[in-house]
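Structure, as structure tokens:
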Amino acid sequence: MRTDTILHQIFVQLPSLLFVLIGRDAKESADYEFSSPEVKETAFRLDGVFIPKAPQGTLFFVELQFQHDPRFYSRLFAEIFVYLRRNASDYDWQAVVVFAEKQLDTGIPQQYRALEGQVHRVYLDNLSEEQKHQHPIDIVELLVLPENTELVAGKARAALARSAQVQDTYKQDEIFKLVTQILTQKFSTLSYEEAQMLLNLNLPAFEETQFYKDIMQRGFNQGLQQGMQLGVQREKKESTLFTAERLLREGCSDDMIYRVTEILPEELAELKKKILL
């Protein structure tokens, strides 16, 4: 599952997430524009930049780290300073690094230690209970939960309920799509029976989502395949019985019939009764 990609989409749809993660007012997101610029001559791509709309403010660089990289901070600061060189401004800046796990954070190297105060680090596996119940952090938590259908289903239901209560610029349909996408990718290997557990979420318009349609189609295909297999088996058995009956009427021995048709003894006995009748 491309967790970092999903999280990037959450930032796009829910920019207030950044400010909630760093303990600031979610409403500040209205004063920023989010982008993911590329620094072409170095082949660097910043995961995200929150640019203040007003002349004064703080420039937030967002980086999502979901794998071990001992050179991460070197790359991060290189990207930031190349960006600042190409985009001159008087903004203060801060880097917000979102790690999937705390153990992925190798620590800021000695040569960059003077920049420690410019970096705010967030560990998704080390969120407080209060953060886990705060929207939209609750949606992010779905990414790092263990693949337990009942647990994730309950968390998804609670996250959507909280999103419906938030009075701001959030788009409910976009939030629903994000949660649906997380469920679809997180449980792509679920069996049909396990996936049915997620259908009991009773989410708004859930039957209209591609996730629901895919699950139902999977069940239909399984049923169709099983039906076809039963049909083939039935035809094969009917052919076997027809051949055995013909050989029996022609006076062939039981051993001959067994070798040719692989019929069961009890089935041959039934055929003999039928012929005698």
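By convention here, the chains of the structure tokens are called A, B, ... in the order presented, each chain's residues are numbered starting at 1, and ligands are numbered starting at 1 in the order presented.
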(message) I need the helix (DSSP H, G or I) residues of region 12-131 of chain A per DSSP on the backbone, written as an MDAnalysis selection string.
(response) chainID A and resid 12:13 16:21 26:31 40:42 72:86 102:104 110:118 124:126 129:131
Could you please take those selected residues and save C-alpha atoms as a PDB file, in the first residue's frame?
```pdb
ATOM      1  CA  VAL A  12      -4.301  18.152  -0.566  1.00  0.00           C
ATOM      2  CA  GLN A  13      -7.929  17.615   0.472  1.00  0.00           C
ATOM      3  CA  SER A  16      -5.815  21.781   8.045  1.00  0.00           C
ATOM      4  CA  LEU A  17      -4.146  18.466   8.953  1.00  0.00           C
ATOM      5  CA  LEU A  18      -0.731  20.147   8.975  1.00  0.00           C
ATOM      6  CA  PHE A  19      -1.742  22.699  11.578  1.00  0.00           C
ATOM      7  CA  VAL A  20      -3.529  20.151  13.753  1.00  0.00           C
ATOM      8  CA  LEU A  21      -0.437  17.924  13.703  1.00  0.00           C
ATOM      9  CA  ALA A  26      -6.805  24.242  11.990  1.00  0.00           C
ATOM     10  CA  LYS A  27      -8.406  27.406  10.635  1.00  0.00           C
ATOM     11  CA  GLU A  28      -4.955  28.724   9.733  1.00  0.00           C
ATOM     12  CA  SER A  29      -5.075  26.501   6.634  1.00  0.00           C
ATOM     13  CA  ALA A  30      -7.403  29.036   5.029  1.00  0.00           C
ATOM     14  CA  ASP A  31      -4.460  31.449   4.891  1.00  0.00           C
ATOM     15  CA  LYS A  40      14.158  20.465 -11.878  1.00  0.00           C
ATOM     16  CA  GLU A  41      17.915  20.964 -12.083  1.00  0.00           C
ATOM     17  CA  THR A  42      18.508  18.703  -9.065  1.00  0.00           C
ATOM     18  CA  PHE A  72      17.032  11.804   4.727  1.00  0.00           C
ATOM     19  CA  TYR A  73      17.909  15.038   6.525  1.00  0.00           C
ATOM     20  CA  SER A  74      20.676  15.849   4.049  1.00  0.00           C
ATOM     21  CA  ARG A  75      18.174  15.567   1.217  1.00  0.00           C
ATOM     22  CA  LEU A  76      15.509  17.470   3.138  1.00  0.00           C
ATOM     23  CA  PHE A  77      17.674  20.501   3.838  1.00  0.00           C
ATOM     24  CA  ALA A  78      19.101  20.450   0.308  1.00  0.00           C
ATOM     25  CA  GLU A  79      15.572  20.579  -1.116  1.00  0.00           C
ATOM     26  CA  ILE A  80      14.543  23.381   1.224  1.00  0.00           C
ATOM     27  CA  PHE A  81      17.525  25.601   0.533  1.00  0.00           C
ATOM     28  CA  VAL A  82      17.349  25.109  -3.224  1.00  0.00           C
ATOM     29  CA  TYR A  83      13.680  26.084  -3.045  1.00  0.00           C
ATOM     30  CA  LEU A  84      14.452  29.161  -0.942  1.00  0.00           C
ATOM     31  CA  ARG A  85      17.170  30.194  -3.392  1.00  0.00           C
ATOM     32  CA  ARG A  86      14.786  29.916  -6.345  1.00  0.00           C
ATOM     33  CA  LYS A 102       9.477   6.793  15.240  1.00  0.00           C
ATOM     34  CA  GLN A 103      12.246   4.292  14.544  1.00  0.00           C
ATOM     35  CA  LEU A 104      12.581   5.689  11.007  1.00  0.00           C
ATOM     36  CA  GLN A 110      25.666  16.991  13.699  1.00  0.00           C
ATOM     37  CA  GLN A 111      26.379  19.283  10.737  1.00  0.00           C
ATOM     38  CA  TYR A 112      22.690  20.299  10.610  1.00  0.00           C
ATOM     39  CA  ARG A 113      22.136  20.483  14.373  1.00  0.00           C
ATOM     40  CA  ALA A 114      21.811  24.295  14.245  1.00  0.00           C
ATOM     41  CA  LEU A 115      18.580  23.753  12.243  1.00  0.00           C
ATOM     42  CA  GLU A 116      16.984  21.531  14.891  1.00  0.00           C
ATOM     43  CA  GLY A 117      14.547  24.263  15.905  1.00  0.00           C
ATOM     44  CA  GLN A 118      13.336  24.561  12.313  1.00  0.00           C
ATOM     45  CA  LEU A 124       2.148   8.391  13.327  1.00  0.00           C
ATOM     46  CA  ASP A 125       2.768   5.359  15.551  1.00  0.00           C
ATOM     47  CA  ASN A 126       3.220   7.573  18.600  1.00  0.00           C
ATOM     48  CA  GLU A 129      -5.011   9.399  22.511  1.00  0.00           C
ATOM     49  CA  GLU A 130      -6.251  12.969  22.249  1.00  0.00           C
ATOM     50  CA  GLN A 131      -4.686  13.341  18.785  1.00  0.00           C
TER      51      GLN A 131
END
```
Run DSSP on the backbone and tell me which residues of region 47-196 of chain A come out as strand (DSSP E); list them as a PDB file with C-alpha atoms, in the first residue's frame.
```pdb
ATOM      1  CA  GLY A  48       4.453  19.698  -0.044  1.00  0.00           C
ATOM      2  CA  VAL A  49       4.784  23.396   0.646  1.00  0.00           C
ATOM      3  CA  PHE A  50       2.256  25.537   2.485  1.00  0.00           C
ATOM      4  CA  ILE A  51       2.682  29.075   1.161  1.00  0.00           C
ATOM      5  CA  PRO A  52       1.149  31.961   3.127  1.00  0.00           C
ATOM      6  CA  THR A  58       5.568  31.039   7.980  1.00  0.00           C
ATOM      7  CA  LEU A  59       6.465  28.857   5.021  1.00  0.00           C
ATOM      8  CA  PHE A  60       5.825  25.197   5.898  1.00  0.00           C
ATOM      9  CA  PHE A  61       7.689  22.421   4.095  1.00  0.00           C
ATOM     10  CA  VAL A  62       6.022  19.013   4.532  1.00  0.00           C
ATOM     11  CA  GLU A  63       7.934  15.762   4.058  1.00  0.00           C
ATOM     12  CA  LEU A  64       6.442  12.272   4.396  1.00  0.00           C
ATOM     13  CA  GLN A  65       8.917   9.554   5.385  1.00  0.00           C
ATOM     14  CA  ASP A  92      10.194  32.464   8.037  1.00  0.00           C
ATOM     15  CA  TRP A  93      10.157  28.704   7.407  1.00  0.00           C
ATOM     16  CA  GLN A  94       9.617  25.452   9.234  1.00  0.00           C
ATOM     17  CA  ALA A  95       9.896  21.837   8.119  1.00  0.00           C
ATOM     18  CA  VAL A  96       7.221  19.378   9.246  1.00  0.00           C
ATOM     19  CA  VAL A  97       8.345  15.763   8.852  1.00  0.00           C
ATOM     20  CA  VAL A  98       5.700  13.048   9.191  1.00  0.00           C
ATOM     21  CA  PHE A  99       7.283   9.658   9.949  1.00  0.00           C
ATOM     22  CA  VAL A 119      12.091  20.955  12.201  1.00  0.00           C
ATOM     23  CA  HIS A 120       8.827  19.682  13.702  1.00  0.00           C
ATOM     24  CA  ARG A 121       8.664  15.883  13.723  1.00  0.00           C
ATOM     25  CA  VAL A 122       5.457  13.831  13.891  1.00  0.00           C
ATOM     26  CA  TYR A 123       5.377  10.044  14.460  1.00  0.00           C
TER      27      TYR A 123
END
```
(message) Under the rule that only C-alpha atoms are counted, which of A:Tyr91, A:Glu267, A:Ser253, A:Asp69 is the nearest residue to Lys53 (chain A)?
(response)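 Under the stated criterion, the closest residue is A:Tyr91.
Near Tyr258 (chain A), within a cut-off of 12 Å and counting only C-alpha atoms, sit the residues A:Thr240, A:Leu241, A:Thr243, A:Ala244, A:Glu245, A:Leu247, A:Leu248, A:Cys252, A:Ser253, A:Asp254, A:Glu262, A:Ile263, A:Leu264, A:Pro265, A:Glu266, A:Glu267, A:Leu268, A:Ala269, with same-chain residues fewer than 4 positions away left out.
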Can you spit out the residues from that selection as a PDB file, in the first residue's frame, using C-alpha atoms?
```
ATOM      1  CA  THR A 240     -19.940 -41.072 -17.272  1.00  0.00           C
ATOM      2  CA  LEU A 241     -23.263 -42.651 -16.264  1.00  0.00           C
ATOM      3  CA  THR A 243     -21.305 -44.470 -21.035  1.00  0.00           C
ATOM      4  CA  ALA A 244     -21.448 -46.951 -18.179  1.00  0.00           C
ATOM      5  CA  GLU A 245     -25.093 -47.791 -18.921  1.00  0.00           C
ATOM      6  CA  LEU A 247     -21.396 -50.663 -21.792  1.00  0.00           C
ATOM      7  CA  LEU A 248     -23.547 -52.519 -19.277  1.00  0.00           C
ATOM      8  CA  CYS A 252     -19.300 -55.655 -20.631  1.00  0.00           C
ATOM      9  CA  SER A 253     -17.873 -56.862 -17.335  1.00  0.00           C
ATOM     10  CA  ASP A 254     -17.825 -54.736 -14.216  1.00  0.00           C
ATOM     11  CA  GLU A 262     -14.147 -44.760 -13.293  1.00  0.00           C
ATOM     12  CA  ILE A 263     -17.730 -45.092 -12.070  1.00  0.00           C
ATOM     13  CA  LEU A 264     -18.323 -45.814  -8.390  1.00  0.00           C
ATOM     14  CA  PRO A 265     -19.491 -49.321  -7.373  1.00  0.00           C
ATOM     15  CA  GLU A 266     -22.701 -47.986  -5.834  1.00  0.00           C
ATOM     16  CA  GLU A 267     -23.450 -46.067  -9.041  1.00  0.00           C
ATOM     17  CA  LEU A 268     -22.955 -49.202 -11.126  1.00  0.00           C
ATOM     18  CA  ALA A 269     -25.266 -51.093  -8.789  1.00  0.00           C
TER      19      ALA A 269
END
```
